[in-house]
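Reproduced below: model21.pdb, with PDB, C-alpha atoms, pLDDT in the B column.
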```pdb
ATOM      1  CA  MET A1171     -89.602  47.346 -80.480  1.00 42.00           C
ATOM      2  CA  GLN A1172     -89.731  51.112 -80.860  1.00 45.00           C
ATOM      3  CA  LYS A1173     -89.727  52.987 -77.598  1.00 47.00           C
ATOM      4  CA  SER A1174     -91.904  56.011 -76.944  1.00 52.00           C
ATOM      5  CA  ASN A1175     -90.816  59.279 -75.402  1.00 66.00           C
ATOM      6  CA  ASN A1176     -92.697  61.731 -73.225  1.00 82.00           C
ATOM      7  CA  TYR A1177     -95.855  59.863 -72.267  1.00 93.00           C
ATOM      8  CA  PRO A1178     -97.212  59.137 -68.772  1.00 94.00           C
ATOM      9  CA  THR A1179     -96.174  55.875 -67.149  1.00 94.00           C
ATOM     10  CA  TYR A1180     -98.660  53.129 -66.326  1.00 89.00           C
ATOM     11  CA  PHE A1181     -97.722  50.602 -63.616  1.00 92.00           C
ATOM     12  CA  TRP A1182     -99.594  47.308 -63.532  1.00 93.00           C
ATOM     13  CA  ASN A1183     -98.761  44.052 -61.718  1.00 91.00           C
ATOM     14  CA  GLY A1184     -95.007  44.556 -61.838  1.00 93.00           C
ATOM     15  CA  PHE A1185     -94.944  45.829 -65.421  1.00 96.00           C
ATOM     16  CA  THR A1186     -94.272  49.394 -66.571  1.00 94.00           C
ATOM     17  CA  THR A1187     -95.689  50.780 -69.805  1.00 93.00           C
ATOM     18  CA  GLN A1188     -96.709  54.142 -71.208  1.00 96.00           C
ATOM     19  CA  TYR A1189    -100.093  55.462 -72.266  1.00 97.00           C
ATOM     20  CA  GLU A1190    -101.808  58.576 -73.562  1.00 97.00           C
ATOM     21  CA  PHE A1191    -105.321  59.740 -72.783  1.00 96.00           C
ATOM     22  CA  SER A1192    -106.509  62.535 -75.039  1.00 95.00           C
ATOM     23  CA  GLU A1193    -109.608  64.139 -73.567  1.00 93.00           C
ATOM     24  CA  PHE A1194    -110.820  66.192 -76.507  1.00 92.00           C
ATOM     25  CA  SER A1195    -114.145  66.934 -74.828  1.00 87.00           C
ATOM     26  CA  LYS A1196    -114.993  66.799 -71.134  1.00 85.00           C
ATOM     27  CA  GLN A1197    -118.615  66.350 -72.189  1.00 85.00           C
ATOM     28  CA  ALA A1198    -117.824  63.375 -74.422  1.00 87.00           C
ATOM     29  CA  LYS A1199    -119.370  60.121 -73.262  1.00 90.00           C
ATOM     30  CA  LEU A1200    -117.401  58.090 -75.791  1.00 97.00           C
ATOM     31  CA  THR A1201    -113.735  57.005 -75.895  1.00 98.00           C
ATOM     32  CA  VAL A1202    -111.822  55.133 -78.592  1.00 98.00           C
ATOM     33  CA  LEU A1203    -109.464  52.536 -77.117  1.00 98.00           C
ATOM     34  CA  TYR A1204    -106.598  51.675 -79.477  1.00 98.00           C
ATOM     35  CA  ILE A1205    -104.810  48.295 -79.103  1.00 98.00           C
ATOM     36  CA  HIS A1206    -101.593  47.830 -81.090  1.00 97.00           C
ATOM     37  CA  GLY A1207    -100.120  44.657 -82.575  1.00 95.00           C
ATOM     38  CA  LEU A1208     -97.364  42.245 -81.603  1.00 93.00           C
ATOM     39  CA  SER A1209     -93.841  43.708 -81.451  1.00 90.00           C
ATOM     40  CA  SER A1210     -95.346  47.061 -82.362  1.00 93.00           C
ATOM     41  CA  ASN A1211     -96.419  50.159 -80.454  1.00 94.00           C
ATOM     42  CA  PRO A1212     -99.316  52.610 -80.179  1.00 96.00           C
ATOM     43  CA  TRP A1213     -97.377  55.622 -81.460  1.00 96.00           C
ATOM     44  CA  GLY A1214     -97.342  55.018 -85.245  1.00 95.00           C
ATOM     45  CA  ARG A1215     -99.358  56.200 -88.238  1.00 96.00           C
ATOM     46  CA  LYS A1216    -102.552  54.218 -87.597  1.00 97.00           C
ATOM     47  CA  PRO A1217    -103.119  55.393 -84.017  1.00 98.00           C
ATOM     48  CA  GLU A1218    -102.097  58.931 -84.970  1.00 97.00           C
ATOM     49  CA  ALA A1219    -104.702  58.955 -87.743  1.00 98.00           C
ATOM     50  CA  VAL A1220    -107.369  57.552 -85.407  1.00 98.00           C
ATOM     51  CA  LYS A1221    -106.433  60.088 -82.740  1.00 98.00           C
ATOM     52  CA  GLU A1222    -106.783  62.969 -85.204  1.00 98.00           C
ATOM     53  CA  LEU A1223    -110.239  61.765 -86.242  1.00 98.00           C
ATOM     54  CA  CYS A1224    -111.258  61.558 -82.578  1.00 98.00           C
ATOM     55  CA  ARG A1225    -110.147  65.172 -82.193  1.00 97.00           C
ATOM     56  CA  THR A1226    -112.301  66.132 -85.182  1.00 96.00           C
ATOM     57  CA  LEU A1227    -115.319  64.205 -83.888  1.00 96.00           C
ATOM     58  CA  GLY A1228    -114.950  65.552 -80.345  1.00 96.00           C
ATOM     59  CA  ILE A1229    -114.603  62.147 -78.730  1.00 97.00           C
ATOM     60  CA  ASN A1230    -111.834  60.944 -76.426  1.00 97.00           C
ATOM     61  CA  PHE A1231    -108.901  58.671 -77.286  1.00 98.00           C
ATOM     62  CA  TYR A1232    -106.866  56.250 -75.166  1.00 98.00           C
ATOM     63  CA  ARG A1233    -103.786  54.333 -76.329  1.00 98.00           C
ATOM     64  CA  PHE A1234    -101.286  52.324 -74.360  1.00 97.00           C
ATOM     65  CA  GLU A1235     -98.359  49.925 -74.645  1.00 97.00           C
ATOM     66  CA  LEU A1236     -99.162  46.269 -74.153  1.00 98.00           C
ATOM     67  CA  LEU A1237     -97.121  44.699 -71.357  1.00 97.00           C
ATOM     68  CA  GLY A1238     -93.661  43.756 -72.584  1.00 96.00           C
ATOM     69  CA  HIS A1239     -93.640  46.437 -75.282  1.00 96.00           C
ATOM     70  CA  GLY A1240     -92.138  49.930 -75.520  1.00 93.00           C
ATOM     71  CA  ILE A1241     -90.323  50.904 -72.321  1.00 94.00           C
ATOM     72  CA  ASP A1242     -91.296  47.492 -70.900  1.00 94.00           C
ATOM     73  CA  SER A1243     -89.758  45.442 -73.746  1.00 94.00           C
ATOM     74  CA  LEU A1244     -87.275  43.663 -71.450  1.00 94.00           C
ATOM     75  CA  ASN A1245     -90.292  41.966 -69.840  1.00 95.00           C
ATOM     76  CA  TYR A1246     -91.697  40.672 -73.127  1.00 95.00           C
ATOM     77  CA  GLU A1247     -91.031  37.001 -72.317  1.00 95.00           C
ATOM     78  CA  ARG A1248     -93.072  37.340 -69.101  1.00 96.00           C
ATOM     79  CA  THR A1249     -96.212  38.215 -71.035  1.00 96.00           C
ATOM     80  CA  ASP A1250     -99.012  36.098 -72.453  1.00 96.00           C
ATOM     81  CA  PHE A1251    -102.535  36.498 -73.785  1.00 96.00           C
ATOM     82  CA  ASN A1252    -104.207  36.210 -70.395  1.00 97.00           C
ATOM     83  CA  LEU A1253    -102.024  38.993 -68.979  1.00 97.00           C
ATOM     84  CA  TRP A1254    -102.751  41.236 -71.951  1.00 97.00           C
ATOM     85  CA  LYS A1255    -106.470  40.560 -71.685  1.00 97.00           C
ATOM     86  CA  SER A1256    -106.390  41.373 -67.963  1.00 98.00           C
ATOM     87  CA  GLN A1257    -104.456  44.570 -68.686  1.00 98.00           C
ATOM     88  CA  ILE A1258    -107.054  45.704 -71.225  1.00 98.00           C
ATOM     89  CA  LEU A1259    -109.983  44.875 -68.936  1.00 98.00           C
ATOM     90  CA  ASP A1260    -108.310  46.838 -66.137  1.00 97.00           C
ATOM     91  CA  ILE A1261    -107.961  49.851 -68.444  1.00 97.00           C
ATOM     92  CA  ILE A1262    -111.632  49.585 -69.451  1.00 98.00           C
ATOM     93  CA  ASP A1263    -112.706  49.289 -65.814  1.00 97.00           C
ATOM     94  CA  THR A1264    -110.460  51.927 -64.227  1.00 96.00           C
ATOM     95  CA  LYS A1265    -109.296  54.360 -66.930  1.00 95.00           C
ATOM     96  CA  ILE A1266    -112.259  54.777 -69.256  1.00 96.00           C
ATOM     97  CA  THR A1267    -115.593  56.234 -68.221  1.00 93.00           C
ATOM     98  CA  GLY A1268    -118.699  56.083 -70.346  1.00 95.00           C
ATOM     99  CA  ASN A1269    -119.054  54.171 -73.588  1.00 97.00           C
ATOM    100  CA  PHE A1270    -116.120  53.082 -75.734  1.00 98.00           C
ATOM    101  CA  ILE A1271    -115.140  51.743 -79.152  1.00 98.00           C
ATOM    102  CA  ILE A1272    -112.174  49.398 -79.611  1.00 98.00           C
ATOM    103  CA  VAL A1273    -109.807  49.711 -82.575  1.00 98.00           C
ATOM    104  CA  GLY A1274    -107.323  46.816 -82.620  1.00 98.00           C
ATOM    105  CA  HIS A1275    -104.593  45.824 -85.072  1.00 97.00           C
ATOM    106  CA  CYS A1276    -103.296  42.240 -85.549  1.00 94.00           C
ATOM    107  CA  ILE A1277    -103.257  40.636 -82.077  1.00 94.00           C
ATOM    108  CA  GLY A1278    -104.810  43.916 -80.921  1.00 97.00           C
ATOM    109  CA  GLY A1279    -107.859  42.874 -82.929  1.00 97.00           C
ATOM    110  CA  TRP A1280    -107.795  39.433 -81.322  1.00 96.00           C
ATOM    111  CA  LEU A1281    -107.473  41.001 -77.876  1.00 97.00           C
ATOM    112  CA  GLY A1282    -110.288  43.382 -78.786  1.00 97.00           C
ATOM    113  CA  LEU A1283    -112.507  40.404 -79.610  1.00 97.00           C
ATOM    114  CA  MET A1284    -111.607  38.876 -76.228  1.00 97.00           C
ATOM    115  CA  ALA A1285    -112.280  42.071 -74.293  1.00 97.00           C
ATOM    116  CA  ALA A1286    -115.526  42.757 -76.164  1.00 97.00           C
ATOM    117  CA  GLN A1287    -116.972  39.505 -74.861  1.00 97.00           C
ATOM    118  CA  GLU A1288    -115.952  40.329 -71.287  1.00 96.00           C
ATOM    119  CA  ARG A1289    -117.193  43.955 -71.208  1.00 96.00           C
ATOM    120  CA  PRO A1290    -120.162  44.234 -73.587  1.00 96.00           C
ATOM    121  CA  GLN A1291    -122.251  46.712 -71.573  1.00 96.00           C
ATOM    122  CA  ARG A1292    -120.513  49.960 -72.601  1.00 97.00           C
ATOM    123  CA  LEU A1293    -118.950  48.726 -75.866  1.00 98.00           C
ATOM    124  CA  LYS A1294    -120.471  50.546 -78.853  1.00 98.00           C
ATOM    125  CA  GLY A1295    -118.285  49.262 -81.671  1.00 98.00           C
ATOM    126  CA  LEU A1296    -115.261  47.187 -82.624  1.00 98.00           C
ATOM    127  CA  ILE A1297    -112.842  47.697 -85.507  1.00 98.00           C
ATOM    128  CA  CYS A1298    -110.360  44.905 -86.248  1.00 98.00           C
ATOM    129  CA  THR A1299    -107.559  45.504 -88.736  1.00 98.00           C
ATOM    130  CA  SER A1300    -105.338  42.673 -90.060  1.00 96.00           C
ATOM    131  CA  THR A1301    -106.747  40.582 -87.240  1.00 93.00           C
ATOM    132  CA  ALA A1302    -104.769  37.504 -86.208  1.00 83.00           C
ATOM    133  CA  PRO A1303    -106.997  35.278 -84.046  1.00 85.00           C
ATOM    134  CA  ASN A1304    -105.151  32.231 -85.427  1.00 75.00           C
ATOM    135  CA  LEU A1305    -101.643  33.423 -84.522  1.00 79.00           C
ATOM    136  CA  THR A1306    -100.906  30.326 -82.443  1.00 79.00           C
ATOM    137  CA  GLU A1307    -101.818  28.127 -85.403  1.00 77.00           C
ATOM    138  CA  LEU A1308     -99.587  30.204 -87.694  1.00 75.00           C
ATOM    139  CA  MET A1309     -96.706  29.829 -85.270  1.00 78.00           C
ATOM    140  CA  GLU A1310     -97.057  26.046 -85.151  1.00 76.00           C
ATOM    141  CA  MET A1311     -97.078  25.904 -88.951  1.00 75.00           C
ATOM    142  CA  GLN A1312     -93.773  27.784 -88.980  1.00 76.00           C
ATOM    143  CA  MET A1313     -92.105  25.559 -86.393  1.00 86.00           C
ATOM    144  CA  SER A1314     -89.783  22.747 -87.450  1.00 88.00           C
ATOM    145  CA  PRO A1315     -89.501  19.493 -85.453  1.00 90.00           C
ATOM    146  CA  GLN A1316     -86.266  20.876 -83.993  1.00 92.00           C
ATOM    147  CA  GLN A1317     -88.071  24.004 -82.838  1.00 91.00           C
ATOM    148  CA  HIS A1318     -90.743  21.922 -81.131  1.00 89.00           C
ATOM    149  CA  VAL A1319     -87.955  20.170 -79.225  1.00 91.00           C
ATOM    150  CA  GLU A1320     -86.420  23.562 -78.411  1.00 91.00           C
ATOM    151  CA  LEU A1321     -89.752  24.778 -77.049  1.00 91.00           C
ATOM    152  CA  GLU A1322     -90.081  21.766 -74.757  1.00 91.00           C
ATOM    153  CA  THR A1323     -86.467  21.992 -73.615  1.00 92.00           C
ATOM    154  CA  ASN A1324     -86.051  25.744 -73.145  1.00 93.00           C
ATOM    155  CA  GLU A1325     -89.690  26.763 -72.538  1.00 93.00           C
ATOM    156  CA  LYS A1326     -89.363  29.159 -75.495  1.00 93.00           C
ATOM    157  CA  VAL A1327     -88.594  29.182 -79.197  1.00 93.00           C
ATOM    158  CA  ILE A1328     -87.453  31.763 -81.763  1.00 89.00           C
ATOM    159  CA  ILE A1329     -89.491  31.822 -84.970  1.00 85.00           C
ATOM    160  CA  LYS A1330     -89.004  33.927 -88.096  1.00 80.00           C
ATOM    161  CA  ILE A1331     -92.244  35.052 -89.725  1.00 73.00           C
ATOM    162  CA  GLU A1332     -91.706  37.117 -92.864  1.00 70.00           C
ATOM    163  CA  ARG A1333     -88.955  39.611 -92.002  1.00 73.00           C
ATOM    164  CA  MET A1334     -89.722  39.556 -88.276  1.00 77.00           C
ATOM    165  CA  VAL A1335     -88.129  37.379 -85.615  1.00 83.00           C
ATOM    166  CA  PHE A1336     -90.315  36.511 -82.631  1.00 85.00           C
ATOM    167  CA  THR A1337     -89.642  34.764 -79.342  1.00 90.00           C
ATOM    168  CA  PHE A1338     -92.611  32.715 -78.171  1.00 91.00           C
ATOM    169  CA  THR A1339     -92.714  31.112 -74.747  1.00 94.00           C
ATOM    170  CA  LYS A1340     -94.562  27.936 -73.882  1.00 92.00           C
ATOM    171  CA  GLN A1341     -96.895  29.984 -71.666  1.00 94.00           C
ATOM    172  CA  PHE A1342     -97.576  32.409 -74.528  1.00 93.00           C
ATOM    173  CA  ILE A1343     -98.608  29.530 -76.792  1.00 91.00           C
ATOM    174  CA  LYS A1344    -100.671  27.866 -74.055  1.00 91.00           C
ATOM    175  CA  THR A1345    -102.696  31.017 -73.367  1.00 94.00           C
ATOM    176  CA  GLY A1346    -103.111  31.613 -77.093  1.00 92.00           C
ATOM    177  CA  ILE A1347    -104.744  28.208 -77.376  1.00 90.00           C
ATOM    178  CA  GLU A1348    -106.908  28.958 -74.319  1.00 92.00           C
ATOM    179  CA  ASN A1349    -108.205  32.108 -76.016  1.00 93.00           C
ATOM    180  CA  ALA A1350    -108.709  30.645 -79.503  1.00 91.00           C
ATOM    181  CA  ILE A1351    -111.648  32.770 -80.666  1.00 92.00           C
ATOM    182  CA  LEU A1352    -112.221  30.685 -83.787  1.00 92.00           C
ATOM    183  CA  ASP A1353    -112.781  27.549 -81.693  1.00 92.00           C
ATOM    184  CA  GLN A1354    -115.924  29.143 -80.231  1.00 93.00           C
ATOM    185  CA  ASP A1355    -119.266  28.186 -81.771  1.00 95.00           C
ATOM    186  CA  ILE A1356    -120.417  31.800 -81.398  1.00 97.00           C
ATOM    187  CA  ILE A1357    -118.537  34.999 -80.652  1.00 97.00           C
ATOM    188  CA  PRO A1358    -121.123  36.750 -78.425  1.00 97.00           C
ATOM    189  CA  ILE A1359    -120.531  40.319 -79.575  1.00 98.00           C
ATOM    190  CA  THR A1360    -123.667  42.273 -80.459  1.00 97.00           C
ATOM    191  CA  CYS A1361    -122.316  45.760 -81.259  1.00 98.00           C
ATOM    192  CA  PRO A1362    -121.350  46.904 -84.796  1.00 98.00           C
ATOM    193  CA  VAL A1363    -118.111  45.301 -85.988  1.00 98.00           C
ATOM    194  CA  GLN A1364    -115.897  46.429 -88.864  1.00 98.00           C
ATOM    195  CA  ILE A1365    -113.199  44.018 -90.117  1.00 98.00           C
ATOM    196  CA  ILE A1366    -110.538  45.447 -92.431  1.00 98.00           C
ATOM    197  CA  GLN A1367    -108.041  43.213 -94.238  1.00 97.00           C
ATOM    198  CA  GLY A1368    -105.445  43.749 -96.966  1.00 97.00           C
ATOM    199  CA  LEU A1369    -105.341  41.214 -99.797  1.00 97.00           C
ATOM    200  CA  GLN A1370    -101.552  41.644-100.031  1.00 96.00           C
ATOM    201  CA  ASP A1371    -101.096  40.567 -96.400  1.00 93.00           C
ATOM    202  CA  THR A1372     -98.577  37.688 -96.497  1.00 88.00           C
ATOM    203  CA  PHE A1373     -98.833  37.147 -92.735  1.00 85.00           C
ATOM    204  CA  ILE A1374    -102.594  36.699 -92.298  1.00 88.00           C
ATOM    205  CA  ASP A1375    -104.689  34.805 -94.853  1.00 88.00           C
ATOM    206  CA  TRP A1376    -107.439  37.247 -95.819  1.00 92.00           C
ATOM    207  CA  LYS A1377    -110.042  34.451 -95.856  1.00 92.00           C
ATOM    208  CA  ILE A1378    -109.874  34.337 -92.048  1.00 92.00           C
ATOM    209  CA  VAL A1379    -112.118  37.406 -91.901  1.00 94.00           C
ATOM    210  CA  TYR A1380    -115.076  35.371 -93.158  1.00 95.00           C
ATOM    211  CA  LYS A1381    -114.636  32.841 -90.353  1.00 94.00           C
ATOM    212  CA  ILE A1382    -114.584  35.663 -87.816  1.00 96.00           C
ATOM    213  CA  ALA A1383    -117.634  37.377 -89.327  1.00 97.00           C
ATOM    214  CA  GLN A1384    -119.672  34.172 -89.449  1.00 96.00           C
ATOM    215  CA  LYS A1385    -119.128  33.511 -85.745  1.00 97.00           C
ATOM    216  CA  ILE A1386    -119.853  37.035 -84.487  1.00 98.00           C
ATOM    217  CA  GLN A1387    -123.406  37.258 -83.149  1.00 97.00           C
ATOM    218  CA  SER A1388    -123.987  40.873 -84.212  1.00 98.00           C
ATOM    219  CA  PRO A1389    -126.050  41.390 -87.381  1.00 97.00           C
ATOM    220  CA  GLN A1390    -123.966  44.497 -88.057  1.00 97.00           C
ATOM    221  CA  VAL A1391    -120.680  43.065 -89.327  1.00 98.00           C
ATOM    222  CA  THR A1392    -118.894  44.750 -92.218  1.00 98.00           C
ATOM    223  CA  ILE A1393    -115.887  43.289 -94.057  1.00 98.00           C
ATOM    224  CA  LYS A1394    -113.560  45.548 -96.036  1.00 98.00           C
ATOM    225  CA  LEU A1395    -111.020  43.872 -98.321  1.00 98.00           C
ATOM    226  CA  LEU A1396    -108.351  46.306 -99.532  1.00 98.00           C
ATOM    227  CA  LYS A1397    -106.910  44.982-102.797  1.00 97.00           C
ATOM    228  CA  ASN A1398    -103.472  46.597-102.740  1.00 96.00           C
ATOM    229  CA  SER A1399    -102.879  46.721 -98.973  1.00 97.00           C
ATOM    230  CA  ASN A1400    -100.456  44.661 -96.868  1.00 95.00           C
ATOM    231  CA  HIS A1401    -100.503  43.600 -93.222  1.00 93.00           C
ATOM    232  CA  HIS A1402     -99.420  46.952 -91.812  1.00 94.00           C
ATOM    233  CA  LEU A1403    -102.250  49.069 -93.295  1.00 97.00           C
ATOM    234  CA  GLN A1404    -100.227  52.274 -93.125  1.00 95.00           C
ATOM    235  CA  HIS A1405    -100.899  53.739 -96.581  1.00 96.00           C
ATOM    236  CA  PRO A1406    -103.016  56.914 -96.550  1.00 97.00           C
ATOM    237  CA  LEU A1407    -105.848  55.035 -98.294  1.00 97.00           C
ATOM    238  CA  ASP A1408    -105.708  52.345 -95.584  1.00 98.00           C
ATOM    239  CA  LEU A1409    -105.865  54.950 -92.841  1.00 98.00           C
ATOM    240  CA  ALA A1410    -108.805  56.606 -94.579  1.00 98.00           C
ATOM    241  CA  GLU A1411    -110.715  53.310 -94.634  1.00 98.00           C
ATOM    242  CA  ILE A1412    -110.055  52.708 -90.937  1.00 98.00           C
ATOM    243  CA  ASN A1413    -111.308  56.187 -90.131  1.00 98.00           C
ATOM    244  CA  ASN A1414    -114.322  55.754 -92.414  1.00 98.00           C
ATOM    245  CA  SER A1415    -115.245  52.687 -90.366  1.00 98.00           C
ATOM    246  CA  LEU A1416    -114.902  54.631 -87.145  1.00 98.00           C
ATOM    247  CA  LYS A1417    -117.006  57.499 -88.467  1.00 98.00           C
ATOM    248  CA  MET A1418    -119.705  55.070 -89.577  1.00 97.00           C
ATOM    249  CA  ILE A1419    -119.956  53.562 -86.099  1.00 98.00           C
ATOM    250  CA  VAL A1420    -119.909  56.943 -84.316  1.00 97.00           C
ATOM    251  CA  ASN A1421    -122.452  58.550 -86.660  1.00 96.00           C
ATOM    252  CA  ASN A1422    -124.894  55.677 -86.165  1.00 95.00           C
ATOM    253  CA  LEU A1423    -124.875  55.826 -82.350  1.00 93.00           C
TER     254      LEU A1423
END
```
Target format structure tokens, applied to this file:
Amino acid sequence: MQKSNNYPTYFWNGFTTQYEFSEFSKQAKLTVLYIHGLSSNPWGRKPEAVKELCRTLGINFYRFELLGHGIDSLNYERTDFNLWKSQILDIIDTKITGNFIIVGHCIGGWLGLMAAQERPQRLKGLICTSTAPNLTELMEMQMSPQQHVELETNEKVIIKIERMVFTFTKQFIKTGIENAILDQDIIPITCPVQIIQGLQDTFIDWKIVYKIAQKIQSPQVTIKLLKNSNHHLQHPLDLAEINNSLKMIVNNL
């Protein structure tokens, strides 16, 4: 996991991560909260592009490292979905004033869907890119019988997905199942939602976006399928589409 450099430190429940709050306008009553993906960080091309658009629009921008990422990567095996959800809700409650929009990538999109249901009052929009609300299911599909035994014996297992190698603990998997968005009859989110997915994504099946969209309660759900884009969505055209979605939500407030 890439480590960041000169950002403020955020202490929470025995974990230490870094964050950045860019207050582009003291009068702004809107903040974009960016949630990065698994084994990633909030300092790459996507958040930089979103941050620059926020600067242009005169709205504020908040990004942070999920627990167990960045400078906190040694604590990765202590983390799980419930901890991450609690971290995000704490940020919404204590660090962000006024209304906000969530932009989440991969599990950041899944976590955004979780948080949106918990804090709907000030949420004005949600953008999910390469969203992975079925990550636990994907992991189980990748696991061999020997790996299932390893998980039971050692409380963790190492799984290779594409070119990445992940360590998943039993607690991580358990909390993933507990927060299985797609098992809900309805996802009670009523704000505008934009779902962006690359058709060349070999990690997430692009058809999953239809299952998400069908369950979201909001009548304002837009799906964007990018024909030549992969899971990472880092091409300039991908970044432009993400920012177009953000502009659409902001301009319609």
Using only C-alpha atoms, find each residue of range 1337-1356 of chain A with at least one atom at most 7 Å away from an atom of range 1233-1251 of chain A; report its shortest atom-to-atom pair and that distance in Å (one decimal), sort the rows by chain and rising residue number, and return the result as CSV.
```
residue,atom,partner,partner_atom,distance
A:Thr1339,CA,A:Glu1247,CA,6.6
A:Gln1341,CA,A:Asp1250,CA,6.5
A:Phe1342,CA,A:Asp1250,CA,4.5
A:Thr1345,CA,A:Phe1251,CA,5.5
A:Gly1346,CA,A:Phe1251,CA,5.9
```
Please save C-alpha atoms of the selected residues as an mmCIF file, in the coordinates of the input.
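Produced file again.cif, reproduced below:
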```cif
data_model
loop_
_atom_site.group_PDB
_atom_site.id
_atom_site.type_symbol
_atom_site.label_atom_id
_atom_site.label_comp_id
_atom_site.auth_asym_id
_atom_site.auth_seq_id
_atom_site.Cartn_x
_atom_site.Cartn_y
_atom_site.Cartn_z
ATOM 1 C CA THR A 1339 -92.714 31.112 -74.747
ATOM 2 C CA GLN A 1341 -96.895 29.984 -71.666
ATOM 3 C CA PHE A 1342 -97.576 32.409 -74.528
ATOM 4 C CA THR A 1345 -102.696 31.017 -73.367
ATOM 5 C CA GLY A 1346 -103.111 31.613 -77.093
#
```
>> Once the PyMOL selection byres ((chain A and resi 1214) around 12) has been evaluated on this model, what residues remain selected, and can you format them as a ChimeraX atom specification?
In response: /A:1171-1174,1204-1207,1210-1213,1215-1221,1233-1235,1275,1402-1405,1409
> Between A:Phe1194, A:Lys1394, A:Met1309, A:Thr1187, which has the minimum distance to Ser1415 in chain A (counting only C-alpha atoms)?
Replying inline: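 Closest to Ser1415 in chain A, using only C-alpha atoms: A:Lys1394.
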> For Glu1307 in chain A, which residue among A:Met1334, A:Ile1374, A:Ile1365, A:Ile1261 is the nearest when counting only C-alpha atoms?
Replying inline: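 Of A:Met1334, A:Ile1374, A:Ile1365, A:Ile1261, the one nearest Glu1307 in chain A is A:Ile1374, counting only C-alpha atoms.
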> Which of these residues is nearest to Gly1268 in chain A, using all atoms listed in the file: A:Met1311, A:Leu1203, A:Val1319, A:Leu1396?
Replying inline: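 Ranking A:Met1311, A:Leu1203, A:Val1319, A:Leu1396 by distance to Gly1268 in chain A, first place goes to A:Leu1203.
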